[in-house]
>>> print(open('data-v8.cif').read())   # mmCIF, C-alpha atoms
data_target
loop_
_atom_site.label_atom_id
_atom_site.label_comp_id
_atom_site.auth_asym_id
_atom_site.auth_seq_id
_atom_site.Cartn_x
_atom_site.Cartn_y
_atom_site.Cartn_z
CA MET A 1 83.63 112.35 74.26
CA SER A 2 80.36 114.22 74.34
CA ASN A 3 80.70 117.95 73.98
CA SER A 4 83.26 120.49 73.01
CA GLY A 5 83.57 123.12 75.71
CA ASN A 6 83.80 126.89 75.29
CA ASP A 7 86.96 128.78 76.24
CA ASP A 8 85.80 129.37 79.81
CA GLY A 9 84.97 125.70 80.19
CA ARG A 10 81.19 126.07 80.04
CA PRO A 11 79.76 123.23 77.99
CA GLY A 12 78.67 123.98 74.46
CA MET A 13 75.64 122.20 73.06
CA LEU A 14 74.59 119.65 75.66
CA THR A 15 73.11 116.55 74.15
CA ASP A 16 71.77 114.10 76.72
CA PHE A 17 72.19 113.02 80.29
CA HIS A 18 73.78 109.70 79.47
CA PRO A 19 77.41 110.41 80.50
CA PHE A 20 76.21 110.79 84.11
CA ALA A 21 74.48 107.45 84.31
CA LYS A 22 77.24 105.58 86.14
CA VAL A 23 79.28 108.37 87.70
CA SER A 24 79.09 110.05 91.09
CA VAL A 25 79.76 113.68 91.91
CA GLY A 26 82.58 112.64 94.27
CA GLN A 27 84.37 110.86 91.41
CA ILE A 28 84.16 113.91 89.15
CA LEU A 29 85.41 116.26 91.85
CA GLY A 30 88.15 113.78 92.77
CA LEU A 31 89.28 113.74 89.14
CA VAL A 32 89.40 117.54 89.01
CA GLU A 33 91.50 117.55 92.21
CA ALA A 34 93.84 114.89 90.83
CA ILE A 35 94.46 116.79 87.57
CA ASP A 36 95.01 120.02 89.48
CA GLU A 37 97.64 118.24 91.57
CA VAL A 38 99.65 117.26 88.49
CA GLY A 39 99.64 120.85 87.18
CA GLY A 40 96.25 121.09 85.45
CA VAL A 41 97.06 119.01 82.37
CA ALA A 42 98.05 115.39 81.84
CA ASP A 43 97.58 112.57 79.38
CA VAL A 44 94.97 109.95 80.13
CA ALA A 45 97.56 107.24 80.84
CA THR A 46 99.28 109.43 83.45
CA ILE A 47 95.98 110.25 85.14
CA SER A 48 95.03 106.59 85.15
CA GLN A 49 98.31 105.78 86.88
CA GLU A 50 98.04 108.70 89.31
CA VAL A 51 94.55 107.84 90.49
CA GLU A 52 95.13 104.08 90.36
CA MET A 53 92.10 103.46 88.15
CA ASP A 54 92.22 101.65 84.83
CA VAL A 55 91.07 103.50 81.73
CA ASP A 56 87.84 101.47 81.56
CA ARG A 57 86.76 102.83 84.94
CA LEU A 58 88.19 106.28 84.34
CA GLY A 59 86.58 106.72 80.88
CA PRO A 60 82.98 107.41 82.01
CA ILE A 61 84.23 109.84 84.69
CA LEU A 62 86.30 111.73 82.12
CA ASP A 63 83.29 111.78 79.76
CA ALA A 64 81.06 113.22 82.46
CA ALA A 65 83.68 115.80 83.51
CA GLU A 66 84.09 116.87 79.90
CA PHE A 67 80.34 116.95 79.40
CA LEU A 68 80.04 119.31 82.38
CA GLY A 69 82.72 121.57 80.94
CA LEU A 70 85.23 120.76 83.69
CA MET A 71 87.83 119.24 81.34
CA THR A 72 88.80 119.41 77.73
CA VAL A 73 90.22 116.31 76.08
CA HIS A 74 92.36 116.84 73.01
CA GLU A 75 94.65 114.25 71.42
CA GLY A 76 94.80 112.27 74.64
CA ASP A 77 95.60 115.27 76.86
CA VAL A 78 93.15 116.17 79.58
CA ARG A 79 93.18 119.82 80.58
CA MET A 80 91.40 121.67 83.39
CA THR A 81 89.12 124.58 82.46
CA ASP A 82 88.39 127.88 84.18
CA LEU A 83 85.16 126.33 85.40
CA SER A 84 86.95 123.46 87.13
CA ARG A 85 89.36 125.91 88.79
CA LYS A 86 86.35 127.88 90.02
CA LEU A 87 84.80 124.66 91.32
CA LEU A 88 87.97 123.72 93.18
CA SER A 89 88.11 126.96 95.12
CA ALA A 90 84.39 126.84 95.95
CA ASN A 91 82.85 125.48 99.13
CA VAL A 92 80.26 122.68 99.13
CA ARG A 93 77.29 125.05 98.71
CA GLU A 94 78.95 127.05 95.92
CA ARG A 95 79.88 123.85 94.10
CA LYS A 96 76.26 122.78 94.11
CA ALA A 97 75.20 126.15 92.71
CA ILE A 98 77.75 125.93 89.87
CA LEU A 99 76.69 122.40 88.94
CA ARG A 100 73.00 123.28 89.31
CA GLU A 101 73.25 125.86 86.55
CA ILE A 102 74.74 123.28 84.18
CA ILE A 103 72.46 120.36 85.07
CA ASP A 104 69.35 122.50 84.81
CA ASP A 105 70.26 123.29 81.20
CA ILE A 106 70.58 119.68 80.01
CA PRO A 107 67.65 118.98 77.65
CA ASP A 108 66.70 115.57 79.14
CA PHE A 109 66.72 117.05 82.62
CA ARG A 110 64.84 120.15 81.48
CA MET A 111 62.23 117.92 79.85
CA ILE A 112 61.45 116.29 83.22
CA THR A 113 61.39 119.54 85.21
CA ASP A 114 59.11 121.12 82.56
CA MET A 115 56.83 118.07 82.76
CA ALA A 116 56.62 118.39 86.55
CA ARG A 117 55.98 122.13 86.34
CA LYS A 118 53.20 121.71 83.78
CA ALA A 119 51.59 118.80 85.63
CA GLY A 120 51.42 120.81 88.86
CA ARG A 121 51.45 117.50 90.80
CA PRO A 122 54.02 114.84 91.67
CA LEU A 123 55.13 112.77 88.67
CA THR A 124 55.35 109.01 89.01
CA ARG A 125 58.48 107.05 88.14
CA LYS A 126 56.44 105.15 85.56
CA GLU A 127 55.35 108.23 83.63
CA ILE A 128 58.87 109.71 83.66
CA ILE A 129 60.37 106.47 82.39
CA GLU A 130 57.77 106.40 79.63
CA ALA A 131 58.68 109.94 78.62
CA LEU A 132 62.41 109.14 78.71
CA SER A 133 61.88 105.91 76.76
CA ALA A 134 60.33 107.83 73.91
CA HIS A 135 63.43 109.98 73.87
CA VAL A 136 66.37 107.63 74.52
CA GLY A 137 64.87 104.14 74.13
CA SER A 138 63.49 101.91 76.85
CA HIS A 139 66.80 100.10 77.48
CA ARG A 140 68.42 103.34 78.70
CA ALA A 141 65.46 105.00 80.37
CA ALA A 142 65.72 103.33 83.79
CA ASP A 143 69.45 104.12 84.16
CA LEU A 144 68.84 107.65 83.00
CA PHE A 145 66.02 108.10 85.48
CA LYS A 146 68.26 106.88 88.31
CA ALA A 147 71.01 109.29 87.27
CA MET A 148 68.58 112.20 87.03
CA VAL A 149 67.25 111.52 90.51
CA TYR A 150 70.82 111.32 91.89
CA TRP A 151 72.00 114.55 90.24
CA GLY A 152 68.66 116.30 90.70
CA ARG A 153 68.86 115.61 94.43
CA TYR A 154 72.49 116.71 94.57
CA VAL A 155 71.80 120.08 92.94
CA GLU A 156 68.61 120.34 95.00
CA LEU A 157 66.22 120.74 92.07
CA LEU A 158 64.34 117.47 92.54
CA ARG A 159 62.80 115.61 95.43
CA TYR A 160 62.11 111.90 94.97
CA ASP A 161 60.29 109.60 97.35
CA SER A 162 61.51 106.10 96.51
CA GLN A 163 58.69 104.52 98.51
CA SER A 164 55.78 106.22 96.74
CA GLU A 165 57.99 106.54 93.59
CA GLU A 166 56.93 110.15 93.17
CA LEU A 167 59.06 113.01 91.97
CA THR A 168 58.49 116.71 92.71
CA LEU A 169 60.42 119.91 92.08
CA ARG A 170 62.29 121.50 94.93
CA THR A 171 63.60 124.97 95.64
CA PRO A 172 67.31 124.86 96.45
CA SER A 173 68.30 125.98 99.95
CA LYS A 174 70.19 129.27 100.19
CA MET B 1 92.71 112.44 125.98
CA GLN B 2 95.53 110.29 127.29
CA VAL B 3 96.42 106.81 126.08
CA LYS B 4 98.58 105.43 128.89
CA ASP B 5 100.72 102.36 128.24
CA VAL B 6 97.87 100.48 126.60
CA ALA B 7 98.43 96.77 125.89
CA LYS B 8 96.01 94.23 124.51
CA SER B 9 96.21 90.47 124.24
CA PHE B 10 93.74 87.93 122.99
CA PHE B 11 93.77 84.41 124.42
CA GLU B 12 93.02 81.20 122.56
CA ASN B 13 93.42 77.70 124.02
CA GLY B 14 95.44 79.18 126.86
CA LYS B 15 97.82 80.81 124.43
CA GLU B 16 98.37 84.56 124.49
CA PHE B 17 98.36 86.63 121.29
CA LYS B 18 99.63 90.09 122.04
CA VAL B 19 98.36 92.66 119.52
CA LEU B 20 99.30 95.94 121.24
CA ASP B 21 102.02 96.79 123.69
CA LEU B 22 102.88 99.94 125.61
CA VAL B 23 101.11 102.45 123.40
CA ARG B 24 101.27 105.91 124.91
CA PHE B 25 100.25 109.31 123.48
CA ASP B 26 98.10 112.33 124.24
CA LEU B 27 95.53 114.14 122.19
CA SER B 28 94.73 117.82 122.72
CA GLU B 29 92.38 120.40 121.26
CA ARG B 30 92.88 121.03 117.48
CA ASP B 31 94.96 117.87 117.05
CA PHE B 32 94.45 115.87 113.85
CA VAL B 33 96.31 112.65 114.52
CA CYS B 34 96.66 109.60 112.30
CA VAL B 35 97.75 106.17 113.50
CA VAL B 36 99.50 104.15 110.79
CA GLY B 37 101.02 100.72 110.83
CA PRO B 38 101.21 97.54 108.81
CA SER B 39 98.35 95.10 108.68
CA GLY B 40 98.10 93.31 112.02
CA SER B 41 99.64 96.13 114.02
CA GLY B 42 96.49 96.46 116.12
CA LYS B 43 95.47 99.91 114.78
CA SER B 44 91.75 99.20 114.74
CA THR B 45 91.94 97.42 118.11
CA LEU B 46 93.62 100.52 119.52
CA LEU B 47 90.79 102.68 118.18
CA ARG B 48 88.18 100.36 119.70
CA ILE B 49 89.94 100.63 123.04
CA ILE B 50 90.11 104.42 122.74
CA VAL B 51 86.37 104.73 122.14
CA GLY B 52 85.66 102.30 124.98
CA LEU B 53 84.35 99.43 122.85
CA GLU B 54 87.11 97.14 124.12
CA LYS B 55 89.01 96.94 127.38
CA PRO B 56 92.81 97.01 127.34
CA THR B 57 94.66 94.11 128.97
CA ALA B 58 96.93 96.67 130.64
CA GLY B 59 97.12 100.44 130.77
CA GLU B 60 94.21 102.85 130.44
CA VAL B 61 92.60 105.56 128.33
CA LEU B 62 91.57 108.76 130.06
CA PHE B 63 89.16 111.25 128.54
CA GLU B 64 89.17 114.61 130.30
CA GLY B 65 90.90 112.85 133.19
CA GLU B 66 88.31 110.05 133.56
CA PRO B 67 88.49 106.45 132.26
CA ILE B 68 86.81 106.27 128.83
CA ARG B 69 83.30 104.77 128.62
CA ALA B 70 81.65 103.28 125.54
CA ASP B 71 78.60 105.51 125.98
CA ASN B 72 80.63 108.72 126.13
CA PRO B 73 78.63 111.16 123.96
CA GLN B 74 81.69 113.34 123.47
CA VAL B 75 83.41 110.71 121.36
CA ALA B 76 82.00 109.68 117.97
CA MET B 77 83.11 107.06 115.51
CA VAL B 78 83.11 106.79 111.72
CA PHE B 79 83.41 103.23 110.41
CA GLN B 80 85.11 101.81 107.33
CA SER B 81 81.92 100.02 106.28
CA PHE B 82 79.67 103.09 106.87
CA ALA B 83 77.44 101.16 109.36
CA LEU B 84 74.19 102.69 108.11
CA PHE B 85 70.76 101.23 108.75
CA PRO B 86 69.42 100.39 105.27
CA TRP B 87 65.77 100.76 106.27
CA LEU B 88 66.27 104.31 107.58
CA SER B 89 66.51 107.43 105.43
CA VAL B 90 69.62 109.64 105.43
CA GLU B 91 67.96 112.00 107.90
CA GLN B 92 66.86 109.17 110.21
CA ASN B 93 70.37 107.64 110.15
CA VAL B 94 71.88 111.00 111.11
CA GLU B 95 69.34 111.48 113.89
CA LEU B 96 70.17 108.14 115.54
CA GLY B 97 72.81 109.36 117.96
CA LEU B 98 70.63 112.32 118.92
CA GLU B 99 67.71 110.00 119.58
CA ALA B 100 69.94 107.97 121.90
CA LYS B 101 70.82 111.19 123.73
CA GLY B 102 67.11 111.95 124.22
CA THR B 103 67.10 115.09 122.04
CA PRO B 104 63.47 116.15 121.26
CA LEU B 105 62.25 115.42 117.73
CA GLU B 106 62.15 118.98 116.41
CA GLU B 107 65.61 119.77 117.73
CA ARG B 108 66.88 116.47 116.33
CA ARG B 109 65.64 117.33 112.86
CA LYS B 110 67.21 120.78 113.00
CA ILE B 111 70.61 119.47 114.09
CA ALA B 112 70.49 116.59 111.58
CA ARG B 113 69.77 119.01 108.71
CA LYS B 114 72.62 121.27 109.76
CA PHE B 115 75.12 118.43 109.51
CA ILE B 116 73.57 116.89 106.40
CA ASP B 117 74.11 120.30 104.81
CA ALA B 118 77.67 120.57 106.14
CA VAL B 119 78.64 117.32 104.37
CA GLY B 120 76.94 118.38 101.12
CA LEU B 121 73.98 116.00 101.35
CA THR B 122 71.11 118.49 101.33
CA GLY B 123 68.74 117.08 98.74
CA PHE B 124 69.27 113.50 99.93
CA GLU B 125 67.50 113.79 103.32
CA ASP B 126 64.75 111.36 102.28
CA ALA B 127 67.00 109.02 100.29
CA PHE B 128 67.81 105.53 101.56
CA PRO B 129 71.37 104.18 101.68
CA ARG B 130 70.77 101.95 98.63
CA GLU B 131 70.19 105.11 96.57
CA LEU B 132 73.56 106.63 97.51
CA SER B 133 77.04 106.27 96.08
CA GLY B 134 79.79 104.97 98.41
CA GLY B 135 81.12 108.46 99.05
CA MET B 136 77.68 109.68 99.99
CA LYS B 137 77.15 106.77 102.36
CA GLN B 138 80.34 107.72 104.17
CA ARG B 139 79.18 111.36 104.30
CA VAL B 140 76.07 110.12 106.12
CA GLY B 141 78.37 108.31 108.57
CA ILE B 142 80.32 111.52 109.10
CA ALA B 143 77.17 113.65 109.50
CA ARG B 144 75.83 111.15 112.04
CA ALA B 145 79.08 111.29 114.01
CA LEU B 146 79.23 115.11 113.93
CA ALA B 147 75.56 115.51 114.85
CA ILE B 148 76.20 114.49 118.46
CA GLU B 149 78.71 117.38 118.50
CA PRO B 150 81.59 115.28 119.83
CA LEU B 151 84.83 116.68 121.20
CA LEU B 152 86.73 113.78 119.64
CA LEU B 153 85.98 112.21 116.26
CA CYS B 154 87.52 108.78 115.68
CA MET B 155 87.68 107.37 112.15
CA ASP B 156 88.60 103.79 111.32
CA GLU B 157 89.94 103.57 107.73
CA PRO B 158 87.11 105.83 106.56
CA PHE B 159 88.20 105.93 102.90
CA SER B 160 89.31 102.37 102.32
CA SER B 161 85.93 101.18 100.95
CA LEU B 162 85.84 104.00 98.38
CA ASP B 163 87.34 104.23 94.92
CA PRO B 164 90.48 106.42 94.76
CA LEU B 165 88.78 109.48 93.24
CA THR B 166 85.86 109.51 95.66
CA ALA B 167 88.29 108.99 98.54
CA GLN B 168 90.43 111.95 97.49
CA ASN B 169 87.41 114.22 97.17
CA LEU B 170 86.10 113.18 100.59
CA ARG B 171 89.51 113.71 102.23
CA ASP B 172 89.55 117.27 100.93
CA GLU B 173 86.01 117.95 102.06
CA ILE B 174 86.75 116.59 105.54
CA LEU B 175 89.78 118.88 105.75
CA GLN B 176 87.56 121.77 104.65
CA LEU B 177 85.10 120.93 107.45
CA TRP B 178 87.98 120.65 109.90
CA THR B 179 89.02 124.24 109.21
CA ASN B 180 85.55 125.52 110.13
CA PRO B 181 85.81 126.47 113.81
CA ASP B 182 82.01 126.54 114.19
CA LEU B 183 81.76 122.80 113.60
CA PRO B 184 82.74 119.93 115.90
CA PRO B 185 84.95 118.10 116.72
CA LYS B 186 87.79 119.56 118.72
CA ALA B 187 90.17 116.74 117.78
CA VAL B 188 90.36 113.93 115.22
CA LEU B 189 92.00 110.53 115.56
CA MET B 190 92.11 108.50 112.38
CA VAL B 191 93.45 105.03 111.74
CA THR B 192 94.75 104.23 108.27
CA HIS B 193 97.08 101.80 106.55
CA ALA B 194 97.74 104.39 103.80
CA ILE B 195 100.86 106.37 104.65
CA GLU B 196 100.24 109.02 101.97
CA GLU B 197 96.77 109.57 103.36
CA ALA B 198 98.16 110.09 106.87
CA VAL B 199 100.75 112.62 105.65
CA TYR B 200 98.09 114.37 103.58
CA MET B 201 95.68 114.80 106.47
CA ALA B 202 97.40 114.75 109.84
CA ASP B 203 99.29 117.24 111.97
CA ARG B 204 100.82 114.31 113.80
CA VAL B 205 101.38 110.70 112.77
CA ILE B 206 101.80 107.84 115.21
CA VAL B 207 103.61 104.87 113.69
CA LEU B 208 103.00 101.37 115.03
CA SER B 209 105.22 98.35 114.44
CA SER B 210 103.87 95.02 113.23
CA ARG B 211 102.37 92.64 115.81
CA PRO B 212 102.44 93.37 118.59
CA GLY B 213 101.83 97.02 117.70
CA ARG B 214 104.32 99.18 119.56
CA MET B 215 104.81 102.88 119.00
CA ILE B 216 107.93 103.30 116.95
CA ALA B 217 107.58 107.01 116.17
CA GLU B 218 105.44 110.07 116.73
CA LEU B 219 106.02 112.62 113.96
CA GLU B 220 104.84 116.23 113.67
CA ILE B 221 103.93 116.85 110.00
CA ASP B 222 104.72 120.53 109.61
CA LEU B 223 103.81 120.84 105.91
CA PRO B 224 101.63 123.85 105.05
CA ARG B 225 98.04 123.24 103.92
CA PRO B 226 96.63 122.53 101.41
CA ARG B 227 99.23 119.83 100.86
CA ASN B 228 100.34 118.68 97.45
CA ARG B 229 101.32 115.04 97.19
CA LYS B 230 103.70 115.87 94.35
CA GLU B 231 105.92 118.14 96.46
CA PRO B 232 109.32 116.64 97.40
CA GLU B 233 108.77 117.59 101.07
CA PHE B 234 105.57 115.56 101.06
CA TYR B 235 107.39 112.57 99.67
CA GLY B 236 110.15 113.06 102.22
CA TRP B 237 107.63 112.40 104.99
CA VAL B 238 106.09 109.44 103.18
CA ASP B 239 109.53 107.88 102.66
CA GLU B 240 110.48 108.42 106.27
CA ILE B 241 107.37 106.63 107.53
CA TYR B 242 107.81 103.80 105.02
CA SER B 243 111.38 103.28 106.16
CA LEU B 244 110.18 103.09 109.79
CA ILE B 245 107.60 100.43 109.00
CA VAL B 246 109.42 98.27 106.46
#
>>> encode(input="data-v8.cif", output="structure tokens")
Amino acid sequence: MSNSGNDDGRPGMLTDFHPFAKVSVGQILGLVEAIDEVGGVADVATISQEVEMDVDRLGPILDAAEFLGLMTVHEGDVRMTDLSRKLLSANVRERKAILREIIDDIPDFRMITDMARKAGRPLTRKEIIEALSAHVGSHRAADLFKAMVYWGRYVELLRYDSQSEELTLRTPSK
Amino acid sequence: MQVKDVAKSFFENGKEFKVLDLVRFDLSERDFVCVVGPSGSGKSTLLRIIVGLEKPTAGEVLFEGEPIRADNPQVAMVFQSFALFPWLSVEQNVELGLEAKGTPLEERRKIARKFIDAVGLTGFEDAFPRELSGGMKQRVGIARALAIEPLLLCMDEPFSSLDPLTAQNLRDEILQLWTNPDLPPKAVLMVTHAIEEAVYMADRVIVLSSRPGRMIAELEIDLPRPRNRKEPEFYGWVDEIYSLIV
């Protein structure tokens, strides 16, 4: 698991963007809903049975949820945090705002948004992958780029044109 | 909408295969109705008849007192397989129904963005379906259906292509949309083979028998919302429907 959360569920020191690489926002929110339905805490085996997903498929989703500060995992027990309760009672727009604050703070993500800000022009996929490769290795850079575009679009901080392969910053809608 | 004694048979080599028989129910404003039944009970065929894509062998479907037509803009459909055009962006896919209605470009864009936002896809307007997760693809399908501002939204197994977690999240978000009185539709008719899903979502469940699909029950699900699938009352309904089908 990637990070140890604070008491309120906000992530502690965020390391990299990797836990998000193969996980969708719907899966993370679905997991939060499923754990809430069983009372807010359950062991991994119970969750796996409840959501009819084997642990291999569930693992990356749990990692990402923990990374975001939505779950804590301790001795096999998965527990909801205050942040995940807040997320559950939020509407679609509020959920995006909550996740935006977290995503924007992740160093790999911040590196790309800083690059775009400094460049003052659209960044190409190639130059971002080069920058990411130097950081996480070339074998992970393409997956990481894809995940950043997905999450960056979701939280409305990035715009990416997959035809011109250009990435720009975006101001979230109110 | 009235479904009046609808029957449907298919014919092969002069032999009749009856898939639906004497299905009869009404749908009114603020109804969220699910049709459940075992595989082969004709659920999807019934939905295709209701939206006018297929003709019944007997009986009829009336929408606001008139026989249903396939080009009725007040009825929209969400498909199991999303049915998106891969070469069109999210925004262009959502605009399709509006284009068919002859809505001017600027108006089209405005309406499309409103519904893209309602389903949580703002940020993905320019993305292509290949760049989306399964849940997001289905959100595009839902936004496209809602954009024509239909009175009736029909959904054919809309969650069955999704993994269980994505499906659960999308069910909840659809129910959240449904409680917003400013958004269409006025009624929802959903076909599913998942009994739990029907009890979770519907105000009323119509149970079909196996082939030919006949109505064996019409049940009012009076559980308060939001529903918890762990409550004994919830399981009481699920068990009752199972016992009707099995």
>>> resolve_selection(input="data-v8.cif", expression="the PyMOL selection byres ((chain B) within 6 of (chain A))", output="ChimeraX atom specification")
/B:120,123-124,165-166,168-169
>>> atom_distance(input="data-v8.cif", atom1="atom CA of Asp105 of chain A", atom2="atom CA of Pro122 of chain A")
21.1 Å
>>> residues_around(input="data-v8.cif", residues="Leu46 of chain B", least_positions_apart="5", cutoff="10 Å", atoms="all atoms listed in the file", output="list in words")
Val3, Val6, Ala7, Lys8, Val19, Leu20, Val23, Val35, Ser41, Val51, Gly52, Leu53, Glu54, Lys55, Pro56, Val191 and Gly213 of chain B
>>> atom_distance(input="data-v8.cif", atom1="atom CA of Leu123 of chain A", atom2="atom CA of Ile98 of chain A")
26.2 Å
>>> resolve_selection(input="data-v8.cif", expression="the PyMOL selection byres ((chain B and resi 108) around 10)", output="list in words")
Glu91, Gln92, Val94, Glu95, Leu96, Gly97, Leu98, Glu99, Lys101, Gly102, Thr103, Pro104, Leu105, Glu106, Glu107, Arg109, Lys110, Ile111, Ala112, Arg113, Lys114, Ala147 and Ile148 of chain B
>>> write_last_selection(input="data-v8.cif", atoms="C-alpha atoms", output="PDB file, in the frame of the given file")
ATOM      1  CA  GLU B  91      67.960 112.000 107.900  1.00  0.00           C
ATOM      2  CA  GLN B  92      66.860 109.170 110.210  1.00  0.00           C
ATOM      3  CA  VAL B  94      71.880 111.000 111.110  1.00  0.00           C
ATOM      4  CA  GLU B  95      69.340 111.480 113.890  1.00  0.00           C
ATOM      5  CA  LEU B  96      70.170 108.140 115.540  1.00  0.00           C
ATOM      6  CA  GLY B  97      72.810 109.360 117.960  1.00  0.00           C
ATOM      7  CA  LEU B  98      70.630 112.320 118.920  1.00  0.00           C
ATOM      8  CA  GLU B  99      67.710 110.000 119.580  1.00  0.00           C
ATOM      9  CA  LYS B 101      70.820 111.190 123.730  1.00  0.00           C
ATOM     10  CA  GLY B 102      67.110 111.950 124.220  1.00  0.00           C
ATOM     11  CA  THR B 103      67.100 115.090 122.040  1.00  0.00           C
ATOM     12  CA  PRO B 104      63.470 116.150 121.260  1.00  0.00           C
ATOM     13  CA  LEU B 105      62.250 115.420 117.730  1.00  0.00           C
ATOM     14  CA  GLU B 106      62.150 118.980 116.410  1.00  0.00           C
ATOM     15  CA  GLU B 107      65.610 119.770 117.730  1.00  0.00           C
ATOM     16  CA  ARG B 109      65.640 117.330 112.860  1.00  0.00           C
ATOM     17  CA  LYS B 110      67.210 120.780 113.000  1.00  0.00           C
ATOM     18  CA  ILE B 111      70.610 119.470 114.090  1.00  0.00           C
ATOM     19  CA  ALA B 112      70.490 116.590 111.580  1.00  0.00           C
ATOM     20  CA  ARG B 113      69.770 119.010 108.710  1.00  0.00           C
ATOM     21  CA  LYS B 114      72.620 121.270 109.760  1.00  0.00           C
ATOM     22  CA  ALA B 147      75.560 115.510 114.850  1.00  0.00           C
ATOM     23  CA  ILE B 148      76.200 114.490 118.460  1.00  0.00           C
TER      24      ILE B 148
END
>>> residues_around(input="data-v8.cif", residues="Ser89 of chain B", least_positions_apart="3", cutoff="7 Å", atoms="all atoms listed in the file", output="list in words")
Gln92, Asn93, Glu125, Asp126, Ala127, Phe128 and Pro129 of chain B
>>> atom_distance(input="data-v8.cif", atom1="atom CA of Arg30 of chain B", atom2="atom CA of Leu62 of chain B")
17.6 Å
